[in-house]
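File shown: structure_33.txt (compact mmCIF, C-alpha atoms and all ligand atoms).
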```
# COMPACT_ATOMS: atom_id res chain seq x y z
CA MET A 1 -18.58 11.66 49.78
CA LYS A 2 -21.08 9.32 48.10
CA ALA A 3 -19.56 5.91 47.28
CA LEU A 4 -19.21 5.32 43.57
CA GLY A 5 -21.14 2.45 42.01
CA ARG A 6 -19.49 -0.67 40.68
CA LEU A 7 -17.80 -0.08 37.36
CA ARG A 8 -18.73 -2.67 34.72
CA LEU A 9 -16.01 -4.45 32.78
CA GLY A 10 -16.65 -5.45 29.19
CA ILE A 11 -14.16 -7.81 27.59
CA ASN A 12 -13.40 -7.45 23.90
CA ILE A 13 -12.47 -10.86 22.49
CA ASP A 14 -11.59 -9.78 18.93
CA HIS A 15 -7.95 -10.71 19.26
CA VAL A 16 -8.66 -14.28 20.26
CA ALA A 17 -10.14 -14.46 16.77
CA THR A 18 -7.08 -12.66 15.36
CA ILE A 19 -4.86 -15.46 16.71
CA ARG A 20 -7.23 -18.12 15.38
CA ASN A 21 -7.30 -16.53 11.94
CA ALA A 22 -3.50 -16.30 11.80
CA ARG A 23 -3.46 -20.07 11.31
CA GLY A 24 -6.90 -20.76 9.92
CA GLY A 25 -8.91 -23.51 11.62
CA GLU A 26 -10.98 -23.09 14.76
CA LEU A 27 -8.50 -22.50 17.61
CA PRO A 28 -8.39 -20.59 19.87
CA ASP A 29 -12.17 -20.40 20.11
CA PRO A 30 -13.54 -16.89 20.88
CA LEU A 31 -16.63 -18.40 22.54
CA ARG A 32 -14.43 -20.32 24.97
CA ALA A 33 -12.65 -17.05 25.79
CA ALA A 34 -15.99 -15.33 26.33
CA LEU A 35 -17.16 -18.07 28.70
CA LEU A 36 -13.88 -17.85 30.61
CA ALA A 37 -14.28 -14.07 30.81
CA GLU A 38 -17.81 -14.54 32.13
CA ALA A 39 -16.55 -16.94 34.80
CA ALA A 40 -13.80 -14.46 35.75
CA GLY A 41 -16.33 -11.70 36.46
CA ALA A 42 -16.76 -9.87 33.15
CA ASP A 43 -20.04 -7.97 32.92
CA GLY A 44 -20.28 -8.16 29.14
CA ILE A 45 -18.55 -9.34 25.99
CA THR A 46 -17.73 -7.09 23.04
CA ALA A 47 -17.07 -8.39 19.54
CA HIS A 48 -16.40 -6.21 16.50
CA LEU A 49 -17.64 -7.65 13.23
CA ARG A 50 -15.60 -5.75 10.68
CA GLU A 51 -16.58 -5.41 7.06
CA ASP A 52 -13.43 -7.38 6.10
CA ARG A 53 -14.03 -10.04 8.83
CA ARG A 54 -10.35 -9.81 9.79
CA HIS A 55 -11.02 -11.20 13.27
CA ILE A 56 -14.61 -11.86 14.37
CA ARG A 57 -16.72 -13.70 11.78
CA ASP A 58 -20.46 -14.01 11.35
CA ALA A 59 -20.44 -17.49 12.90
CA ASP A 60 -18.73 -16.09 16.03
CA ILE A 61 -21.59 -13.66 16.57
CA GLU A 62 -24.07 -16.53 16.25
CA ALA A 63 -22.08 -18.66 18.70
CA LEU A 64 -21.76 -15.80 21.20
CA MET A 65 -25.46 -14.97 21.04
CA ALA A 66 -26.31 -18.60 21.72
CA GLY A 67 -23.56 -19.35 24.20
CA ILE A 68 -23.01 -16.53 26.68
CA SER A 69 -25.23 -15.48 29.57
CA ILE A 70 -23.87 -11.95 30.00
CA PRO A 71 -24.78 -9.17 27.53
CA LEU A 72 -23.18 -9.05 24.08
CA ASN A 73 -22.06 -5.66 22.85
CA PHE A 74 -22.04 -5.94 19.05
CA GLU A 75 -19.49 -3.48 17.72
CA CYS A 76 -19.93 -2.49 14.09
CA ALA A 77 -19.86 0.24 11.48
CA ALA A 78 -23.16 1.96 10.70
CA THR A 79 -23.62 0.24 7.34
CA PRO A 80 -26.76 -1.39 5.89
CA GLU A 81 -25.08 -4.82 6.12
CA MET A 82 -24.26 -4.43 9.83
CA LEU A 83 -27.67 -2.99 10.61
CA GLU A 84 -29.28 -6.04 9.04
CA ILE A 85 -27.07 -8.38 11.10
CA ALA A 86 -27.80 -6.46 14.31
CA LEU A 87 -31.54 -6.56 13.68
CA ARG A 88 -31.36 -10.30 13.01
CA HIS A 89 -29.51 -11.11 16.23
CA LYS A 90 -30.85 -8.35 18.49
CA PRO A 91 -27.87 -8.24 20.87
CA HIS A 92 -28.21 -6.44 24.19
CA ALA A 93 -26.15 -3.52 22.87
CA ALA A 94 -24.48 -2.22 19.75
CA CYS A 95 -21.52 0.14 19.63
CA LEU A 96 -21.26 2.13 16.40
CA VAL A 97 -17.68 2.80 15.34
CA PRO A 98 -15.94 4.32 12.34
CA GLU A 99 -14.18 1.79 10.16
CA LYS A 100 -11.42 2.16 7.61
CA ARG A 101 -10.09 -0.86 5.77
CA GLU A 102 -6.49 0.28 6.01
CA GLU A 103 -6.47 0.97 9.77
CA ARG A 104 -4.97 -1.54 12.17
CA THR A 105 -7.53 -0.75 14.86
CA THR A 106 -10.34 1.78 15.36
CA GLU A 107 -8.25 4.91 15.11
CA GLY A 108 -10.58 7.74 15.93
CA GLY A 109 -14.10 8.35 17.10
CA LEU A 110 -17.21 8.47 15.00
CA ASP A 111 -18.06 11.83 13.40
CA VAL A 112 -21.61 11.93 14.73
CA ALA A 113 -21.93 15.68 14.21
CA GLY A 114 -20.94 15.34 10.56
CA ASP A 115 -23.24 12.41 9.78
CA GLU A 116 -26.18 13.08 12.05
CA LYS A 117 -29.04 12.21 9.70
CA HIS A 118 -27.68 8.84 8.63
CA LEU A 119 -26.64 7.84 12.17
CA ALA A 120 -30.00 8.93 13.60
CA GLY A 121 -31.69 6.45 11.26
CA VAL A 122 -29.40 3.60 12.31
CA VAL A 123 -29.81 4.42 16.01
CA ALA A 124 -33.62 4.58 15.67
CA ALA A 125 -33.80 1.23 13.85
CA MET A 126 -31.64 -0.48 16.47
CA ARG A 127 -33.42 1.18 19.37
CA ASP A 128 -36.81 0.10 18.00
CA ALA A 129 -35.48 -3.48 18.01
CA GLY A 130 -34.60 -3.15 21.70
CA ILE A 131 -30.85 -2.73 21.19
CA ARG A 132 -29.06 -0.26 23.45
CA VAL A 133 -26.95 1.90 21.13
CA SER A 134 -23.60 3.37 22.01
CA MET A 135 -21.60 5.86 19.93
CA PHE A 136 -17.81 5.49 20.02
CA ILE A 137 -16.60 9.09 19.94
CA GLY A 138 -13.83 11.44 20.99
CA HIS A 139 -14.37 13.74 23.94
CA GLU A 140 -15.32 16.83 21.87
CA ALA A 141 -18.51 18.56 23.07
CA ARG A 142 -19.97 18.68 19.53
CA GLN A 143 -19.76 14.91 19.15
CA ILE A 144 -21.26 14.33 22.60
CA GLU A 145 -24.10 16.78 21.93
CA ALA A 146 -24.82 15.25 18.51
CA SER A 147 -24.96 11.78 20.11
CA ALA A 148 -27.55 13.04 22.59
CA ARG A 149 -29.56 14.71 19.80
CA ILE A 150 -29.82 11.52 17.73
CA GLY A 151 -31.11 9.50 20.67
CA ALA A 152 -28.12 7.31 21.54
CA ALA A 153 -28.38 5.80 25.03
CA VAL A 154 -24.64 5.62 25.57
CA VAL A 155 -21.40 7.25 24.47
CA GLU A 156 -18.13 5.37 24.69
CA LEU A 157 -15.30 7.89 24.88
CA HIS A 158 -12.13 6.87 23.00
CA THR A 159 -9.23 6.56 25.44
CA GLY A 160 -6.67 5.55 22.79
CA ARG A 161 -4.85 8.87 22.61
CA TYR A 162 -4.60 9.15 26.40
CA CYS A 163 -3.20 5.60 26.59
CA ASP A 164 -0.72 6.17 23.75
CA LEU A 165 0.60 9.40 25.28
CA THR A 166 0.95 7.68 28.67
CA ALA A 167 2.81 4.73 27.13
CA GLU A 168 5.14 7.13 25.27
CA GLY A 169 5.94 8.93 28.53
CA LYS A 170 4.45 12.22 27.23
CA LEU A 171 2.91 12.86 30.59
CA ASP A 172 2.03 16.55 30.17
CA ALA A 173 0.12 15.83 26.97
CA ALA A 174 -1.47 12.78 28.61
CA ALA A 175 -2.65 14.96 31.49
CA VAL A 176 -4.30 17.37 29.03
CA GLU A 177 -6.05 14.46 27.32
CA PHE A 178 -7.09 13.01 30.70
CA GLU A 179 -8.66 16.34 31.67
CA ALA A 180 -10.52 16.49 28.34
CA LEU A 181 -11.90 12.98 29.00
CA ARG A 182 -12.99 14.08 32.47
CA VAL A 183 -14.81 17.13 31.09
CA GLY A 184 -16.33 15.04 28.28
CA ALA A 185 -17.61 12.40 30.69
CA ALA A 186 -19.25 15.04 32.90
CA HIS A 187 -20.79 16.79 29.88
CA ALA A 188 -22.20 13.55 28.45
CA HIS A 189 -23.62 12.58 31.83
CA SER A 190 -25.25 16.01 32.19
CA LEU A 191 -27.06 15.39 28.87
CA GLY A 192 -28.49 12.10 30.15
CA LEU A 193 -26.06 9.84 28.27
CA GLU A 194 -24.56 6.77 29.95
CA VAL A 195 -20.78 7.05 29.74
CA HIS A 196 -18.42 4.22 28.83
CA MET A 197 -14.73 4.37 27.98
CA GLY A 198 -12.40 2.14 26.05
CA HIS A 199 -9.48 1.56 23.73
CA GLY A 200 -5.88 0.92 24.65
CA LEU A 201 -6.51 0.57 28.39
CA ASP A 202 -4.10 -1.42 30.57
CA PHE A 203 -3.98 -1.96 34.34
CA GLU A 204 -2.67 1.56 35.04
CA THR A 205 -4.73 3.62 32.61
CA ALA A 206 -7.91 1.67 33.44
CA ALA A 207 -7.39 2.47 37.13
CA GLN A 208 -6.96 6.16 36.24
CA VAL A 209 -10.16 6.48 34.20
CA ALA A 210 -12.04 4.33 36.73
CA CYS A 211 -11.90 7.42 38.95
CA PHE A 212 -14.27 9.42 36.74
CA PRO A 213 -17.54 9.15 38.67
CA GLU A 214 -19.73 9.31 35.54
CA VAL A 215 -18.13 6.31 33.87
CA MET A 216 -20.25 3.16 34.10
CA GLU A 217 -18.28 0.72 31.96
CA LEU A 218 -14.81 0.09 30.57
CA ASN A 219 -14.33 -2.02 27.45
CA ILE A 220 -10.94 -3.68 27.25
CA GLY A 221 -9.48 -6.15 24.79
CA HIS A 222 -5.97 -6.10 23.37
CA PHE A 223 -4.07 -5.64 26.64
CA LEU A 224 -5.94 -8.43 28.43
CA ILE A 225 -5.63 -10.91 25.56
CA GLY A 226 -1.88 -10.17 25.53
CA GLU A 227 -1.61 -10.44 29.32
CA ALA A 228 -3.39 -13.80 29.10
CA VAL A 229 -0.29 -15.23 27.40
CA PHE A 230 1.60 -14.68 30.63
CA ARG A 231 -0.90 -15.21 33.43
CA GLY A 232 -3.97 -16.77 31.78
CA LEU A 233 -7.16 -15.03 30.68
CA GLY A 234 -9.14 -15.60 33.87
CA PRO A 235 -6.42 -14.27 36.22
CA SER A 236 -5.78 -11.29 33.88
CA ILE A 237 -9.45 -10.31 33.99
CA GLU A 238 -9.62 -10.87 37.75
CA GLU A 239 -6.62 -8.60 38.23
CA MET A 240 -8.22 -5.89 36.05
CA ARG A 241 -11.44 -6.23 38.06
CA ARG A 242 -9.47 -5.92 41.32
CA ARG A 243 -7.66 -2.78 40.15
CA MET A 244 -10.87 -1.13 38.92
CA ASP A 245 -12.62 -1.89 42.22
CA LEU A 246 -9.63 -0.55 44.17
CA ALA A 247 -9.61 2.67 42.15
CA ARG A 248 -13.31 3.13 42.82
CA ALA A 249 -12.94 2.32 46.53
CA ASP A 250 -10.16 4.92 46.83
CA MET A 251 -12.59 7.50 45.43
CA GLY A 252 -15.55 6.51 47.60
N1 LIG A 301 -14.08 -0.06 22.56
C1 LIG A 301 -14.16 0.08 21.22
C2 LIG A 301 -15.32 0.83 20.66
C3 LIG A 301 -13.18 -0.47 20.37
O1 LIG A 301 -13.25 -0.30 19.04
C4 LIG A 301 -12.15 -1.23 20.94
C5 LIG A 301 -11.14 -1.88 20.05
O2 LIG A 301 -11.73 -2.80 19.21
C6 LIG A 301 -12.11 -1.37 22.32
C7 LIG A 301 -13.09 -0.75 23.12
C8 LIG A 301 -11.05 -2.16 23.00
O3 LIG A 301 -9.81 -1.61 22.73
P1 LIG A 301 -8.51 -2.44 23.12
O4 LIG A 301 -8.55 -3.72 22.35
O5 LIG A 301 -7.41 -1.52 22.71
O6 LIG A 301 -8.57 -2.67 24.59
```
Translate the structure of the given file into structure tokens.
Ligand code: PXP
Amino acid sequence: MKALGRLRLGINIDHVATIRNARGGELPDPLRAALLAEAAGADGITAHLREDRRHIRDADIEALMAGISIPLNFECAATPEMLEIALRHKPHAACLVPEKREERTTEGGLDVAGDEKHLAGVVAAMRDAGIRVSMFIGHEARQIEASARIGAAVVELHTGRYCDLTAEGKLDAAAVEFEALRVGAAHAHSLGLEVHMGHGLDFETAAQVACFPEVMELNIGHFLIGEAVFRGLGPSIEEMRRRMDLARADMG
């Protein structure tokens, strides 16, 4: 069997900013976390600039663009404001996500099929500026196919439901969701899309989805920022890296 390539690990630092904002002031500094992540072997940094600026702020994006050496994945809603910010900074990548003010985190995937014309315009404007655009979607074929039609380079498949079902011990339902992710990853790959996955992943679930051969990158935030309380951010990321590499080696 052909050995699988190295799986990239993107670290989402939003919740370092959440902790900072709980007290006001400047600490802990998301840029410092990003630099630590870089030193611990992260392949990229993700930061979600929400409309309500509940965690990452505009100044964080500026600091990250100036301060990190690995690629920045700018996560945002497909709004005129966010498009303008993306075009000003020209990050390596942008991940388009749905956004609701009342949600605690990004709850579902983007409805690309239902908003194709608008999203095609945003993708084209970003792509023309040299930004690699990713659509954060569920594993449904219609969303994957719409993402390919509008010229996205990447789809990030939402693993939140799989992770929630696993954590709740609903293992039969989790297995169904896992299979749907597997089929979705293969379908996206067959259409020429690069496949990423993220949301809710921990050591165990990340190792499971690392086994999908089409997946090139995992984006992980909340679990690792929480784990950092106990073992430090660098060691938490190194352990995630180790488990992802092990999962891939077992498949090779
Ligand atoms: N990928 C995307 C597109 C996300 O919106 C998020 C959450 O902000 C993540 C990955 C990371 O999810 P988590 O923080 O649950 O690891």
Identify, counting only C-alpha atoms and all ligand atoms, the protein, DNA and RNA residues located within 8 Å of ligand LIG 301 (chain A), and give them as a PyMOL selection string. chain A and resi 11-12+14-15+46-48+75+95-97+105-106+136+156+158+160+197-202+218-224
inquiry  = So the first atom is CA of Gly44 (chain A) and the second is CA of Arg241 (chain A); what is the distance between them in Å, to one decimal place?
reply    =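 Separation of CA of Gly44 (chain A) and CA of Arg241 (chain A): 12.7 Å.
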Kindly indicate which residue among A:Val112, A:Ala141, A:Ala210, A:Met82 lies nearest to Met240 (chain A), using all atoms listed in the file for the distances.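 Counting all atoms listed in the file, the residue closest to Met240 (chain A) is A:Ala210.
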Counting all atoms listed in the file, closest pick from A:Ala173, A:Ala152, A:Ala34, A:Leu87 relative to Leu72 (chain A) is A:Ala34
(Q) Using all atoms listed in the file for the distances, tell me which of A:Gly234, A:Gly121, A:Pro91, A:Gly109 is nearest to Leu157 (chain A). (A)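 So, comparing all the options, the nearest one is A:Gly109.
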inquiry  = Please list as a PyMOL selection string every residue within 12 Å of Ala77 (chain A), counting all atoms listed in the file and excluding residues in the same chain fewer than 4 positions away.
reply    = chain A and resi 48-52+81-86+94-101+106+109-111+118-119+122-123+134-136
### Message
Report, in Å with one decimal, the straight-line distance from CA of Val229 (chain A) to CA of Leu27 (chain A).
### Response
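Rounded to one decimal, the two atoms are 14.7 Å apart.
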Point to revise | Atom pair CA of Ile144 (chain A) / CA of Ala206 (chain A): separation (Å) | key: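 Interatomic distance, CA of Ile144 (chain A) to CA of Ala206 (chain A): 21.4 Å.
With all atoms listed in the file as the atoms that count, the residue of A:Asp58, A:Cys76, A:Gly10, A:Leu246 with the shortest distance to Ile45 (chain A) is A:Gly10.
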Using all atoms listed in the file, the shortest atom-to-atom distance to Ile237 (chain A) among A:Ile131, A:Ala17, A:Glu26, A:Leu36 belongs to A:Leu36
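Nearest to Ile150 (chain A) of all the residues A:Ile137, A:Ala66, A:Met244, A:Ala120 is A:Ala120, based on only C-alpha atoms.
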Excluding Ala247 (chain A) and residues on its chain fewer than 6 positions from it, collect all residues at most 8 Å away from it, counting only C-alpha atoms, and give them as a ChimeraX atom specification. /A:207-208,210-211
| task | Considering all atoms listed in the file, return as a VMD selection string whatever protein or nucleic-acid residues lie within 10 Å of Leu181 (chain A), sequence-local ones (same chain, fewer than 4 positions apart) excluded. | result | chain A and resid 138 to 140 157 to 159 162 175 to 177 185 to 187 197 209 212
Note to self: Just want the 12 Å neighbourhood of His189 (chain A), counted on only C-alpha atoms, with same-chain residues fewer than 2 positions away dropped. Output as number ranges by chain.
What the structure shows: A: 141, 144-145, 147-148, 153-157, 182-187, 191-196, 212-216
Please return region 117-141 of chain A, rebuilt to N, CA and C atoms, as a JSON list (two decimals), keeping the file's coordinate frame.
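part_24.json, freshly written:
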```json
[["chain", "number", "residue", "atom", "x", "y", "z"],
["A", 117, "LYS", "N", -27.78, 12.73, 10.25],
["A", 117, "LYS", "CA", -29.04, 12.21, 9.70],
["A", 117, "LYS", "C", -28.95, 10.69, 9.50],
["A", 118, "HIS", "N", -27.86, 10.27, 8.89],
["A", 118, "HIS", "CA", -27.68, 8.84, 8.63],
["A", 118, "HIS", "C", -27.61, 8.06, 9.96],
["A", 119, "LEU", "N", -26.81, 8.56, 10.90],
["A", 119, "LEU", "CA", -26.64, 7.84, 12.17],
["A", 119, "LEU", "C", -27.94, 7.83, 12.97],
["A", 120, "ALA", "N", -28.72, 8.90, 12.87],
["A", 120, "ALA", "CA", -30.00, 8.93, 13.60],
["A", 120, "ALA", "C", -30.90, 7.80, 13.11],
["A", 121, "GLY", "N", -30.87, 7.53, 11.81],
["A", 121, "GLY", "CA", -31.69, 6.45, 11.26],
["A", 121, "GLY", "C", -31.24, 5.09, 11.77],
["A", 122, "VAL", "N", -29.94, 4.88, 11.83],
["A", 122, "VAL", "CA", -29.40, 3.60, 12.31],
["A", 122, "VAL", "C", -29.73, 3.42, 13.80],
["A", 123, "VAL", "N", -29.52, 4.49, 14.57],
["A", 123, "VAL", "CA", -29.81, 4.42, 16.01],
["A", 123, "VAL", "C", -31.29, 4.10, 16.23],
["A", 124, "ALA", "N", -32.17, 4.78, 15.48],
["A", 124, "ALA", "CA", -33.62, 4.58, 15.67],
["A", 124, "ALA", "C", -34.00, 3.13, 15.33],
["A", 125, "ALA", "N", -33.44, 2.60, 14.25],
["A", 125, "ALA", "CA", -33.80, 1.23, 13.85],
["A", 125, "ALA", "C", -33.33, 0.23, 14.90],
["A", 126, "MET", "N", -32.15, 0.44, 15.44],
["A", 126, "MET", "CA", -31.64, -0.48, 16.47],
["A", 126, "MET", "C", -32.45, -0.32, 17.76],
["A", 127, "ARG", "N", -32.68, 0.93, 18.13],
["A", 127, "ARG", "CA", -33.42, 1.18, 19.37],
["A", 127, "ARG", "C", -34.81, 0.56, 19.31],
["A", 128, "ASP", "N", -35.47, 0.68, 18.16],
["A", 128, "ASP", "CA", -36.81, 0.10, 18.00],
["A", 128, "ASP", "C", -36.78, -1.42, 18.14],
["A", 129, "ALA", "N", -35.61, -2.02, 17.86],
["A", 129, "ALA", "CA", -35.48, -3.48, 18.01],
["A", 129, "ALA", "C", -35.04, -3.85, 19.42],
["A", 130, "GLY", "N", -34.95, -2.86, 20.31],
["A", 130, "GLY", "CA", -34.60, -3.15, 21.70],
["A", 130, "GLY", "C", -33.11, -3.20, 21.97],
["A", 131, "ILE", "N", -32.32, -2.71, 21.02],
["A", 131, "ILE", "CA", -30.85, -2.73, 21.19],
["A", 131, "ILE", "C", -30.42, -1.39, 21.79],
["A", 132, "ARG", "N", -29.57, -1.47, 22.79],
["A", 132, "ARG", "CA", -29.06, -0.26, 23.45],
["A", 132, "ARG", "C", -27.88, 0.24, 22.63],
["A", 133, "VAL", "N", -27.97, 1.45, 22.09],
["A", 133, "VAL", "CA", -26.95, 1.90, 21.13],
["A", 133, "VAL", "C", -25.96, 2.87, 21.77],
["A", 134, "SER", "N", -24.71, 2.57, 21.50],
["A", 134, "SER", "CA", -23.60, 3.37, 22.01],
["A", 134, "SER", "C", -22.83, 3.97, 20.84],
["A", 135, "MET", "N", -22.40, 5.23, 20.97],
["A", 135, "MET", "CA", -21.60, 5.86, 19.93],
["A", 135, "MET", "C", -20.16, 5.96, 20.43],
["A", 136, "PHE", "N", -19.24, 5.44, 19.64],
["A", 136, "PHE", "CA", -17.81, 5.49, 20.02],
["A", 136, "PHE", "C", -17.25, 6.80, 19.47],
["A", 137, "ILE", "N", -16.98, 7.73, 20.37],
["A", 137, "ILE", "CA", -16.60, 9.09, 19.94],
["A", 137, "ILE", "C", -15.42, 9.61, 20.74],
["A", 138, "GLY", "N", -14.83, 10.70, 20.21],
["A", 138, "GLY", "CA", -13.83, 11.44, 20.99],
["A", 138, "GLY", "C", -14.55, 12.26, 22.06],
["A", 139, "HIS", "N", -13.77, 13.02, 22.81],
["A", 139, "HIS", "CA", -14.37, 13.74, 23.94],
["A", 139, "HIS", "C", -14.89, 15.14, 23.58],
["A", 140, "GLU", "N", -14.91, 15.48, 22.27],
["A", 140, "GLU", "CA", -15.32, 16.83, 21.87],
["A", 140, "GLU", "C", -16.81, 17.04, 22.17],
["A", 141, "ALA", "N", -17.11, 18.25, 22.68],
["A", 141, "ALA", "CA", -18.51, 18.56, 23.07],
["A", 141, "ALA", "C", -19.46, 18.38, 21.89]]
```
